[in-house]
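Colleague: If you scroll down you'll find the structure; I have some questions about it.
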Amino acid sequence: MATFISVPLKKSSEVDLVKPLSKFVTATYPTGEDQGEYLRAVEELNKLRKNALGRPLDKHESSLEILLRYYDQLCAVEPKFPFSENQLCLTFTWKDAFDKGSLFGGSVKLALASLGYEKTCVLFNAAALASQIAADQNLDNDEGLKAAAKYYQLASGAFGHIKDTVLSALSREPTMDISPETVGTLSIIMLAQAQEVFFLKATSDKMKDAVIAKLANQAADFYGDAFKQCQYKDNLPKEVLPVLAAKHCIMQANAELHQSALAKQKKRFGEEIARLQHAAELVKTVASRYDEYVSVKDLTDKINRALTAAKKDNDFIYHDRVPEVKDLEHIGKAALVKATTITPPLSQKFTDLFEKMVPMAVQQSMSIYNQRKADTVNRLLGTMREATNLCNGVLASLNLPAALEDLSGDSIPQSIAEKSRSIVQQGGLQSIEQLIKDLPELLTRNREILDESLKMLDDEETTDNELRTKFNQRWNRTPSADLYKPLRAEGANFRNILDKAVQADQVVKDRYNTHCDMIALLCKPENELNAAIPSANPIKTLQGSEVVNVLRSQLAQLDAMKKERETLEGEIKAVTFDMSVVFLTALAQDGAINEEQLSVSQIDQLYGAYNQRVQASLSTQEALLGQVQTSHQEFSSLKQSNTEANQREEVLKKLASAHDSYVEISSNLREGTKVLTQHNTPAHRSLSKKELWCSSACFVRKFLLFCSVRASRWYASQVIYFCTDVSAFFLYTLQPQPPQQAQQQPPARPQPPERPPPPSFTPQAASTPPTNTPLTGPPTSNPPPVAPPSQAQGPPYPTYQGYPGYFQMPMGYNPYAYGQYNMPYMPYQAVPGQGGYPGAPAAGQPYPSYPQQPPQQQPYYPQQ
């Protein structure tokens, strides 16, 4: 019987998941128990990847379980982190499973910043390992047969799942091993082998020949389909095609053998002989063409014995006519196998490491919901505060309650004295002046962060456009304008916020300038304040007046209303609701979240009653203020009108208004300073994170551009060393270092492999030969070679023009550059103190002591 086909595993490069994921967790989630749990989960995820991909795996179910657990975790973590090229960029590198490499180059591999690519490759390895475990089973017992059929069906389902999802998971053409054509063929092969296992099980159980024949015929059909696909698409190793052809013939021969036994039972002896002859021809074809891949000796002997006996009986006894093979009735088919449906979790021991973390769709919906909720809260609080300011303004314009307290006419009203003490306790005029002084510097720093972030994107886009113009269709990476569109939109939003902040600051300054003198007066001691207020003659007749009592009652009602608003404001701020449960439920049921509908409905339910109470408070205030104004008119008509009294009342009005303005200005300035300075505020976190994303994205794009430059063989070791270490270096430089570690020496890392030193040169020496090297022949256009310097010159790796650190690579050091980048040949310069090699001989003359080259051969370097 032919051997079973198993698939080799893909190999992956090491990827550090800890640093980028930990950065995202610390930047997104506040410090606390959840953040610590997520950081520990990141460590576990990194360990899980190392166990699944960082070591050789045994052909055992436990090894397959590790791969399936890692795949399940990838499926669970994908919606919870923003894995993309312009956000959380993780580059995964995988080699082609079927590529064995070549003498002069490494194996084919693909590196993509896509978690879908990682999932696809991990699932491929799970399917490949399942095929190896199945092929390693002992098929002489029922347990081995059942296990083999199970794993082949799992492998078939996994390869089929990759076929359906690989193009959508990758942003570019995949490697040959995971292309839809290849994995589609592998899925059919695995299904055929599972069907063959069922055929073997039926044979060992001695089931009816009719059933066994149908099972074998179905397996032959599967193998035939796989053979056709391999024949049209040369995408699998060359050893697979003959095995599939042999298996097709073998299973068809088995079907004919068992169908012949059925014909014998029905006394159709001619049909029996015809089917046995067809089976014999099939195994003879296998033995002649595919003998090095399979062995059919036992099956051939079995068919020949049955054919000899059938012919003997028919010749001596039955004399039945032997029909043609094409006239035989077709053997039926019975498919007992089915590709396993890939629905995570596939592992029996899977537990989500990030179970408490909600998916990104829910996080985004929560962010929008929180913004809607904050807008609603701000609207309610702003409405109440605006109404309170209006009430205070009306009372200040009427000099209430100071007018009722100032019936003596020569002492400071109690309300004015309390306002003065309150301002002094809050820092007085100096605190506001300091806050106003600090605002421009803080605002400038935030604007600098924003400008620097956008400048990074502008510079990177300019370089990308220049290279796109230069290389045209060969420059096929994502355009910067499309890649950074979300970052630019976010930058425009931040600029709008800063512009509004500038306008708000100017309004605050204008208001401060208006009330500055009166605020300074309130900051003075009580005796100076009393002396600054004009005195008036007492009106003792109003002290027991009914109008005064009515006004006091109305003012008391207004004070009670203000206290009620303070309580109501606290209740509104304290409202909490876990909207993530609603979004998770919607996502599980519908597969999508209608955030606007769910958020608006929930906000109306939470704040509907509070909105009614706010409107009722506004109506109450409107009615009370109307009553106060009416009572004040009566009160004013009873007061004796004189100039001193009017001046005193005017000053008291300004003092009361100055106090209200001081409280509001101080609150606005402190809140603005908090937003611009504290790192735990959402605005500052977002602005800092934007700067980090812009810097990260531009660095990665530059590095990918560097990796696309072809380096010479002499630079190969340096490039490999740099590529393996650059991700760790990049993440380390972005990680903020504590102050106490600033002076510590960084840990020493292993030195890169040595490389041959390149020759030095200077542009000035390009046109003149070195003076210290005697020429042995007539001068030519080719400069004489010299001994290499004792120390390497220039950068340790090639870089590219347009970025800092660019150095022109010497032509003698990069033979690949000619004809590609139009870079001029730079002649060598002799090193002082060292003699050069003999100069080049005349044109057409051979070098001394060197074999003469054919005259038709072109020189290696282009002539100047």
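Residues are referred to by chain and number: the chain letter is A, B, ... according to the order shown in the structure tokens, the number counts from 1 in that chain, and ligands are numbered separately from 1 in the order shown.
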Distance table requested - segment 64-84 of chain A against segment 333-343 of chain A, cut-off 12 Å, only C-alpha atoms: one row per qualifying residue with the closest atom pair and its distance in Å to one decimal, ordered by chain and rising residue number, as a Markdown table.
Modeller:
```
| residue | atom | partner | partner_atom | distance |
| --- | --- | --- | --- | --- |
| A:Leu68 | CA | A:Ile342 | CA | 10.8 |
| A:Tyr71 | CA | A:Ile342 | CA | 11.0 |
| A:Asp72 | CA | A:Thr343 | CA | 9.3 |
| A:Cys75 | CA | A:Thr343 | CA | 10.0 |
| A:Ala76 | CA | A:Thr343 | CA | 11.7 |
```
Colleague: What residues in segment 138-227 of chain A get the DSSP label helix (DSSP H, G or I)? Please answer as a PDB file with N, CA and C atoms, in the first residue's frame.
Modeller:
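Written file, selection.pdb:
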```pdb
ATOM      1  N   ASP A 142      -7.920  -0.555  15.690  1.00  0.00           N
ATOM      2  CA  ASP A 142      -9.029   0.380  15.531  1.00  0.00           C
ATOM      3  C   ASP A 142      -8.692   1.768  16.061  1.00  0.00           C
ATOM      4  N   GLU A 143      -7.963   1.837  17.186  1.00  0.00           N
ATOM      5  CA  GLU A 143      -7.632   3.151  17.758  1.00  0.00           C
ATOM      6  C   GLU A 143      -6.801   3.985  16.793  1.00  0.00           C
ATOM      7  N   GLY A 144      -5.813   3.346  16.147  1.00  0.00           N
ATOM      8  CA  GLY A 144      -4.986   4.062  15.187  1.00  0.00           C
ATOM      9  C   GLY A 144      -5.781   4.518  13.976  1.00  0.00           C
ATOM     10  N   LEU A 145      -6.700   3.661  13.490  1.00  0.00           N
ATOM     11  CA  LEU A 145      -7.517   4.033  12.339  1.00  0.00           C
ATOM     12  C   LEU A 145      -8.439   5.201  12.659  1.00  0.00           C
ATOM     13  N   LYS A 146      -9.053   5.170  13.836  1.00  0.00           N
ATOM     14  CA  LYS A 146      -9.956   6.256  14.230  1.00  0.00           C
ATOM     15  C   LYS A 146      -9.189   7.575  14.398  1.00  0.00           C
ATOM     16  N   ALA A 147      -8.019   7.496  15.026  1.00  0.00           N
ATOM     17  CA  ALA A 147      -7.224   8.704  15.225  1.00  0.00           C
ATOM     18  C   ALA A 147      -6.769   9.282  13.887  1.00  0.00           C
ATOM     19  N   ALA A 148      -6.326   8.414  12.964  1.00  0.00           N
ATOM     20  CA  ALA A 148      -5.873   8.890  11.666  1.00  0.00           C
ATOM     21  C   ALA A 148      -7.004   9.580  10.906  1.00  0.00           C
ATOM     22  N   ALA A 149      -8.174   8.962  10.901  1.00  0.00           N
ATOM     23  CA  ALA A 149      -9.313   9.584  10.208  1.00  0.00           C
ATOM     24  C   ALA A 149      -9.676  10.931  10.827  1.00  0.00           C
ATOM     25  N   LYS A 150      -9.631  11.013  12.148  1.00  0.00           N
ATOM     26  CA  LYS A 150      -9.951  12.272  12.842  1.00  0.00           C
ATOM     27  C   LYS A 150      -8.974  13.383  12.446  1.00  0.00           C
ATOM     28  N   TYR A 151      -7.689  13.085  12.475  1.00  0.00           N
ATOM     29  CA  TYR A 151      -6.689  14.127  12.205  1.00  0.00           C
ATOM     30  C   TYR A 151      -6.648  14.509  10.728  1.00  0.00           C
ATOM     31  N   TYR A 152      -6.884  13.540   9.836  1.00  0.00           N
ATOM     32  CA  TYR A 152      -6.931  13.896   8.419  1.00  0.00           C
ATOM     33  C   TYR A 152      -8.119  14.821   8.125  1.00  0.00           C
ATOM     34  N   GLN A 153      -9.242  14.564   8.733  1.00  0.00           N
ATOM     35  CA  GLN A 153     -10.409  15.436   8.527  1.00  0.00           C
ATOM     36  C   GLN A 153     -10.173  16.822   9.129  1.00  0.00           C
ATOM     37  N   LEU A 154      -9.466  16.880  10.288  1.00  0.00           N
ATOM     38  CA  LEU A 154      -9.115  18.179  10.865  1.00  0.00           C
ATOM     39  C   LEU A 154      -8.175  18.944   9.937  1.00  0.00           C
ATOM     40  N   ALA A 155      -7.186  18.237   9.391  1.00  0.00           N
ATOM     41  CA  ALA A 155      -6.246  18.892   8.465  1.00  0.00           C
ATOM     42  C   ALA A 155      -6.973  19.382   7.216  1.00  0.00           C
ATOM     43  N   SER A 156      -7.900  18.573   6.703  1.00  0.00           N
ATOM     44  CA  SER A 156      -8.657  18.980   5.521  1.00  0.00           C
ATOM     45  C   SER A 156      -9.488  20.233   5.804  1.00  0.00           C
ATOM     46  N   GLY A 157     -10.136  20.276   6.961  1.00  0.00           N
ATOM     47  CA  GLY A 157     -10.923  21.455   7.315  1.00  0.00           C
ATOM     48  C   GLY A 157     -10.066  22.697   7.492  1.00  0.00           C
ATOM     49  N   ALA A 158      -8.894  22.529   8.102  1.00  0.00           N
ATOM     50  CA  ALA A 158      -8.003  23.680   8.317  1.00  0.00           C
ATOM     51  C   ALA A 158      -7.485  24.226   6.992  1.00  0.00           C
ATOM     52  N   PHE A 159      -7.052  23.329   6.092  1.00  0.00           N
ATOM     53  CA  PHE A 159      -6.582  23.797   4.780  1.00  0.00           C
ATOM     54  C   PHE A 159      -7.714  24.449   3.992  1.00  0.00           C
ATOM     55  N   GLY A 160      -8.916  23.893   4.093  1.00  0.00           N
ATOM     56  CA  GLY A 160     -10.057  24.501   3.408  1.00  0.00           C
ATOM     57  C   GLY A 160     -10.397  25.872   3.966  1.00  0.00           C
ATOM     58  N   HIS A 161     -10.268  26.024   5.289  1.00  0.00           N
ATOM     59  CA  HIS A 161     -10.530  27.334   5.909  1.00  0.00           C
ATOM     60  C   HIS A 161      -9.515  28.371   5.434  1.00  0.00           C
ATOM     61  N   ILE A 162      -8.250  27.957   5.322  1.00  0.00           N
ATOM     62  CA  ILE A 162      -7.220  28.878   4.812  1.00  0.00           C
ATOM     63  C   ILE A 162      -7.541  29.285   3.374  1.00  0.00           C
ATOM     64  N   LYS A 163      -7.996  28.343   2.572  1.00  0.00           N
ATOM     65  CA  LYS A 163      -8.338  28.645   1.186  1.00  0.00           C
ATOM     66  C   LYS A 163      -9.401  29.742   1.098  1.00  0.00           C
ATOM     67  N   ASP A 164     -10.378  29.712   1.992  1.00  0.00           N
ATOM     68  CA  ASP A 164     -11.482  30.672   1.952  1.00  0.00           C
ATOM     69  C   ASP A 164     -11.120  32.028   2.547  1.00  0.00           C
ATOM     70  N   THR A 165     -10.111  32.082   3.406  1.00  0.00           N
ATOM     71  CA  THR A 165      -9.851  33.314   4.159  1.00  0.00           C
ATOM     72  C   THR A 165      -8.499  33.956   3.888  1.00  0.00           C
ATOM     73  N   VAL A 166      -7.587  33.279   3.189  1.00  0.00           N
ATOM     74  CA  VAL A 166      -6.216  33.782   3.106  1.00  0.00           C
ATOM     75  C   VAL A 166      -6.134  35.101   2.346  1.00  0.00           C
ATOM     76  N   LEU A 167      -6.886  35.263   1.285  1.00  0.00           N
ATOM     77  CA  LEU A 167      -6.786  36.490   0.497  1.00  0.00           C
ATOM     78  C   LEU A 167      -7.323  37.699   1.252  1.00  0.00           C
ATOM     79  N   SER A 168      -8.373  37.484   2.037  1.00  0.00           N
ATOM     80  CA  SER A 168      -8.906  38.595   2.825  1.00  0.00           C
ATOM     81  C   SER A 168      -8.048  38.897   4.041  1.00  0.00           C
ATOM     82  N   ALA A 169      -7.288  37.915   4.524  1.00  0.00           N
ATOM     83  CA  ALA A 169      -6.454  38.121   5.713  1.00  0.00           C
ATOM     84  C   ALA A 169      -5.140  38.799   5.377  1.00  0.00           C
ATOM     85  N   MET A 176       3.610  30.566  -1.934  1.00  0.00           N
ATOM     86  CA  MET A 176       2.966  29.489  -2.667  1.00  0.00           C
ATOM     87  C   MET A 176       2.304  28.463  -1.758  1.00  0.00           C
ATOM     88  N   ASP A 177       2.877  28.215  -0.579  1.00  0.00           N
ATOM     89  CA  ASP A 177       2.350  27.146   0.268  1.00  0.00           C
ATOM     90  C   ASP A 177       0.977  27.476   0.835  1.00  0.00           C
ATOM     91  N   ILE A 178       0.660  28.762   1.043  1.00  0.00           N
ATOM     92  CA  ILE A 178      -0.650  29.123   1.603  1.00  0.00           C
ATOM     93  C   ILE A 178      -1.536  29.794   0.560  1.00  0.00           C
ATOM     94  N   PRO A 180      -4.429  29.989  -2.277  1.00  0.00           N
ATOM     95  CA  PRO A 180      -5.697  29.240  -2.323  1.00  0.00           C
ATOM     96  C   PRO A 180      -5.607  27.953  -3.132  1.00  0.00           C
ATOM     97  N   GLU A 181      -4.841  27.963  -4.245  1.00  0.00           N
ATOM     98  CA  GLU A 181      -4.729  26.753  -5.055  1.00  0.00           C
ATOM     99  C   GLU A 181      -4.020  25.630  -4.299  1.00  0.00           C
ATOM    100  N   THR A 182      -2.950  25.968  -3.579  1.00  0.00           N
ATOM    101  CA  THR A 182      -2.179  24.941  -2.869  1.00  0.00           C
ATOM    102  C   THR A 182      -2.977  24.350  -1.707  1.00  0.00           C
ATOM    103  N   VAL A 183      -3.507  25.209  -0.848  1.00  0.00           N
ATOM    104  CA  VAL A 183      -4.231  24.680   0.317  1.00  0.00           C
ATOM    105  C   VAL A 183      -5.524  24.001  -0.106  1.00  0.00           C
ATOM    106  N   GLY A 184      -6.122  24.433  -1.231  1.00  0.00           N
ATOM    107  CA  GLY A 184      -7.294  23.719  -1.733  1.00  0.00           C
ATOM    108  C   GLY A 184      -6.952  22.307  -2.137  1.00  0.00           C
ATOM    109  N   THR A 185      -5.805  22.146  -2.799  1.00  0.00           N
ATOM    110  CA  THR A 185      -5.350  20.797  -3.171  1.00  0.00           C
ATOM    111  C   THR A 185      -5.031  19.964  -1.935  1.00  0.00           C
ATOM    112  N   LEU A 186      -4.347  20.566  -0.962  1.00  0.00           N
ATOM    113  CA  LEU A 186      -4.024  19.835   0.265  1.00  0.00           C
ATOM    114  C   LEU A 186      -5.284  19.404   1.004  1.00  0.00           C
ATOM    115  N   SER A 187      -6.313  20.234   0.980  1.00  0.00           N
ATOM    116  CA  SER A 187      -7.568  19.860   1.648  1.00  0.00           C
ATOM    117  C   SER A 187      -8.172  18.616   1.011  1.00  0.00           C
ATOM    118  N   ILE A 188      -8.140  18.536  -0.325  1.00  0.00           N
ATOM    119  CA  ILE A 188      -8.677  17.349  -1.006  1.00  0.00           C
ATOM    120  C   ILE A 188      -7.815  16.124  -0.713  1.00  0.00           C
ATOM    121  N   ILE A 189      -6.488  16.315  -0.683  1.00  0.00           N
ATOM    122  CA  ILE A 189      -5.595  15.185  -0.383  1.00  0.00           C
ATOM    123  C   ILE A 189      -5.879  14.621   1.001  1.00  0.00           C
ATOM    124  N   MET A 190      -6.018  15.505   1.977  1.00  0.00           N
ATOM    125  CA  MET A 190      -6.296  15.037   3.344  1.00  0.00           C
ATOM    126  C   MET A 190      -7.646  14.322   3.419  1.00  0.00           C
ATOM    127  N   LEU A 191      -8.622  14.842   2.676  1.00  0.00           N
ATOM    128  CA  LEU A 191      -9.938  14.195   2.663  1.00  0.00           C
ATOM    129  C   LEU A 191      -9.849  12.818   2.007  1.00  0.00           C
ATOM    130  N   ALA A 192      -9.059  12.710   0.943  1.00  0.00           N
ATOM    131  CA  ALA A 192      -8.884  11.416   0.278  1.00  0.00           C
ATOM    132  C   ALA A 192      -8.225  10.404   1.214  1.00  0.00           C
ATOM    133  N   GLN A 193      -7.217  10.865   1.964  1.00  0.00           N
ATOM    134  CA  GLN A 193      -6.537   9.941   2.884  1.00  0.00           C
ATOM    135  C   GLN A 193      -7.452   9.533   4.028  1.00  0.00           C
ATOM    136  N   ALA A 194      -8.302  10.454   4.497  1.00  0.00           N
ATOM    137  CA  ALA A 194      -9.281  10.068   5.518  1.00  0.00           C
ATOM    138  C   ALA A 194     -10.249   9.023   4.973  1.00  0.00           C
ATOM    139  N   GLN A 195     -10.676   9.202   3.719  1.00  0.00           N
ATOM    140  CA  GLN A 195     -11.563   8.215   3.098  1.00  0.00           C
ATOM    141  C   GLN A 195     -10.843   6.874   2.956  1.00  0.00           C
ATOM    142  N   GLU A 196      -9.568   6.900   2.629  1.00  0.00           N
ATOM    143  CA  GLU A 196      -8.804   5.659   2.529  1.00  0.00           C
ATOM    144  C   GLU A 196      -8.717   4.953   3.874  1.00  0.00           C
ATOM    145  N   VAL A 197      -8.591   5.747   4.953  1.00  0.00           N
ATOM    146  CA  VAL A 197      -8.555   5.148   6.283  1.00  0.00           C
ATOM    147  C   VAL A 197      -9.878   4.443   6.583  1.00  0.00           C
ATOM    148  N   PHE A 198     -10.988   5.045   6.185  1.00  0.00           N
ATOM    149  CA  PHE A 198     -12.282   4.385   6.374  1.00  0.00           C
ATOM    150  C   PHE A 198     -12.382   3.113   5.536  1.00  0.00           C
ATOM    151  N   PHE A 199     -11.782   3.128   4.360  1.00  0.00           N
ATOM    152  CA  PHE A 199     -11.733   1.910   3.542  1.00  0.00           C
ATOM    153  C   PHE A 199     -10.949   0.806   4.264  1.00  0.00           C
ATOM    154  N   LEU A 200      -9.818   1.164   4.837  1.00  0.00           N
ATOM    155  CA  LEU A 200      -9.033   0.175   5.576  1.00  0.00           C
ATOM    156  C   LEU A 200      -9.797  -0.349   6.780  1.00  0.00           C
ATOM    157  N   LYS A 201     -10.528   0.549   7.452  1.00  0.00           N
ATOM    158  CA  LYS A 201     -11.319   0.127   8.626  1.00  0.00           C
ATOM    159  C   LYS A 201     -12.418  -0.850   8.192  1.00  0.00           C
ATOM    160  N   ALA A 202     -13.086  -0.545   7.085  1.00  0.00           N
ATOM    161  CA  ALA A 202     -14.137  -1.446   6.604  1.00  0.00           C
ATOM    162  C   ALA A 202     -13.558  -2.782   6.172  1.00  0.00           C
ATOM    163  N   THR A 203     -12.366  -2.752   5.578  1.00  0.00           N
ATOM    164  CA  THR A 203     -11.727  -3.999   5.161  1.00  0.00           C
ATOM    165  C   THR A 203     -11.357  -4.853   6.366  1.00  0.00           C
ATOM    166  N   SER A 204     -10.793  -4.201   7.406  1.00  0.00           N
ATOM    167  CA  SER A 204     -10.414  -4.969   8.601  1.00  0.00           C
ATOM    168  C   SER A 204     -11.631  -5.503   9.334  1.00  0.00           C
ATOM    169  N   ASP A 209     -18.776  -6.513   0.578  1.00  0.00           N
ATOM    170  CA  ASP A 209     -17.952  -6.082  -0.548  1.00  0.00           C
ATOM    171  C   ASP A 209     -18.549  -4.878  -1.258  1.00  0.00           C
ATOM    172  N   ALA A 210     -19.845  -4.783  -1.292  1.00  0.00           N
ATOM    173  CA  ALA A 210     -20.482  -3.643  -1.958  1.00  0.00           C
ATOM    174  C   ALA A 210     -20.130  -2.338  -1.256  1.00  0.00           C
ATOM    175  N   VAL A 211     -20.125  -2.345   0.082  1.00  0.00           N
ATOM    176  CA  VAL A 211     -19.782  -1.143   0.849  1.00  0.00           C
ATOM    177  C   VAL A 211     -18.311  -0.796   0.667  1.00  0.00           C
ATOM    178  N   ILE A 212     -17.457  -1.802   0.759  1.00  0.00           N
ATOM    179  CA  ILE A 212     -16.019  -1.549   0.627  1.00  0.00           C
ATOM    180  C   ILE A 212     -15.696  -1.003  -0.753  1.00  0.00           C
ATOM    181  N   ALA A 213     -16.352  -1.548  -1.798  1.00  0.00           N
ATOM    182  CA  ALA A 213     -16.103  -1.082  -3.160  1.00  0.00           C
ATOM    183  C   ALA A 213     -16.485   0.391  -3.311  1.00  0.00           C
ATOM    184  N   LYS A 214     -17.605   0.786  -2.723  1.00  0.00           N
ATOM    185  CA  LYS A 214     -18.023   2.195  -2.806  1.00  0.00           C
ATOM    186  C   LYS A 214     -17.062   3.111  -2.050  1.00  0.00           C
ATOM    187  N   LEU A 215     -16.588   2.664  -0.890  1.00  0.00           N
ATOM    188  CA  LEU A 215     -15.617   3.475  -0.140  1.00  0.00           C
ATOM    189  C   LEU A 215     -14.325   3.656  -0.937  1.00  0.00           C
ATOM    190  N   ALA A 216     -13.844   2.561  -1.541  1.00  0.00           N
ATOM    191  CA  ALA A 216     -12.608   2.639  -2.317  1.00  0.00           C
ATOM    192  C   ALA A 216     -12.798   3.514  -3.553  1.00  0.00           C
ATOM    193  N   ASN A 217     -13.961   3.388  -4.210  1.00  0.00           N
ATOM    194  CA  ASN A 217     -14.215   4.201  -5.406  1.00  0.00           C
ATOM    195  C   ASN A 217     -14.281   5.691  -5.069  1.00  0.00           C
ATOM    196  N   GLN A 218     -14.840   6.045  -3.893  1.00  0.00           N
ATOM    197  CA  GLN A 218     -14.886   7.451  -3.475  1.00  0.00           C
ATOM    198  C   GLN A 218     -13.477   7.977  -3.181  1.00  0.00           C
ATOM    199  N   ALA A 219     -12.657   7.162  -2.531  1.00  0.00           N
ATOM    200  CA  ALA A 219     -11.270   7.560  -2.277  1.00  0.00           C
ATOM    201  C   ALA A 219     -10.518   7.770  -3.583  1.00  0.00           C
ATOM    202  N   ALA A 220     -10.730   6.868  -4.560  1.00  0.00           N
ATOM    203  CA  ALA A 220     -10.083   7.032  -5.869  1.00  0.00           C
ATOM    204  C   ALA A 220     -10.529   8.332  -6.529  1.00  0.00           C
ATOM    205  N   ASP A 221     -11.807   8.685  -6.367  1.00  0.00           N
ATOM    206  CA  ASP A 221     -12.307   9.926  -6.949  1.00  0.00           C
ATOM    207  C   ASP A 221     -11.632  11.146  -6.302  1.00  0.00           C
ATOM    208  N   PHE A 222     -11.475  11.127  -4.970  1.00  0.00           N
ATOM    209  CA  PHE A 222     -10.784  12.221  -4.277  1.00  0.00           C
ATOM    210  C   PHE A 222      -9.338  12.356  -4.763  1.00  0.00           C
ATOM    211  N   TYR A 223      -8.649  11.207  -4.851  1.00  0.00           N
ATOM    212  CA  TYR A 223      -7.256  11.248  -5.305  1.00  0.00           C
ATOM    213  C   TYR A 223      -7.159  11.752  -6.750  1.00  0.00           C
ATOM    214  N   GLY A 224      -8.124  11.372  -7.573  1.00  0.00           N
ATOM    215  CA  GLY A 224      -8.123  11.841  -8.949  1.00  0.00           C
ATOM    216  C   GLY A 224      -8.285  13.351  -9.040  1.00  0.00           C
ATOM    217  N   ASP A 225      -9.178  13.920  -8.221  1.00  0.00           N
ATOM    218  CA  ASP A 225      -9.350  15.378  -8.217  1.00  0.00           C
ATOM    219  C   ASP A 225      -8.070  16.084  -7.765  1.00  0.00           C
ATOM    220  N   ALA A 226      -7.446  15.552  -6.727  1.00  0.00           N
ATOM    221  CA  ALA A 226      -6.204  16.155  -6.245  1.00  0.00           C
ATOM    222  C   ALA A 226      -5.105  16.066  -7.301  1.00  0.00           C
ATOM    223  N   PHE A 227      -5.040  14.918  -8.008  1.00  0.00           N
ATOM    224  CA  PHE A 227      -4.020  14.740  -9.057  1.00  0.00           C
ATOM    225  C   PHE A 227      -4.217  15.750 -10.183  1.00  0.00           C
TER     226      PHE A 227
END
```
Colleague: For a test of reading the model, state the distance in Å between atom CA of Ser6 of chain A and atom CA of Ser107 of chain A, rounded to one decimal.
Modeller: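 Result for atom CA of Ser6 of chain A versus atom CA of Ser107 of chain A: 20.2 Å, one decimal.
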Colleague: Using only C-alpha atoms, which residues sit within 9 Å of Val283 of chain A once same-chain residues fewer than 4 positions away are excluded, as a list in words?
Modeller: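 Here the qualifying residues turn out to be Ala246, Cys249, Ile250, Ala253, His278, Ala279, Ala287, Ser288, Val296, Lys297, Leu299, Thr300 and Ile303 of chain A.
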Colleague: I'd like the neighbourhood of His60 of chain A as a PyMOL selection string, where a residue qualifies if any of its atoms comes within 9 Å (using only C-alpha atoms), though same-chain residues fewer than 4 positions away should be ignored.
Modeller: chain A and resi 64-65+129-130+132-133
Colleague: How about saving the chosen residues, C-alpha atoms kept, as a PDB file, in the first residue's frame?
Modeller:
```pdb
ATOM      1  CA  LEU A  64      -1.109  19.929  18.320  1.00  0.00           C
ATOM      2  CA  GLU A  65      -2.973  21.150  21.394  1.00  0.00           C
ATOM      3  CA  LEU A 129       1.080  18.651  12.239  1.00  0.00           C
ATOM      4  CA  ALA A 130      -2.304  16.899  12.193  1.00  0.00           C
ATOM      5  CA  GLN A 132       1.971  14.128  10.370  1.00  0.00           C
ATOM      6  CA  ILE A 133       0.282  12.703  13.475  1.00  0.00           C
TER       7      ILE A 133
END
```
Colleague: Would you mind listing what lies within 12 Å of Ser553 of chain A as a list in words, with only C-alpha atoms counted and same-chain residues fewer than 4 positions away left out?
Modeller: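 These residues fall inside the cut-off: Pro401, Leu404, Glu546, Val547, Val548, Asn549, Gln557, Leu558, Asp559, Ala560, Leu624, Gln627, Val628 and Ser631 of chain A.
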Colleague: Between A:Lys312, A:Asp301, A:Arg565, A:Lys47, which residue has the minimum interatomic distance to Lys284 of chain A, considering only C-alpha atoms?
Modeller: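 Of A:Lys312, A:Asp301, A:Arg565, A:Lys47, the one nearest Lys284 of chain A is A:Asp301, counting only C-alpha atoms.
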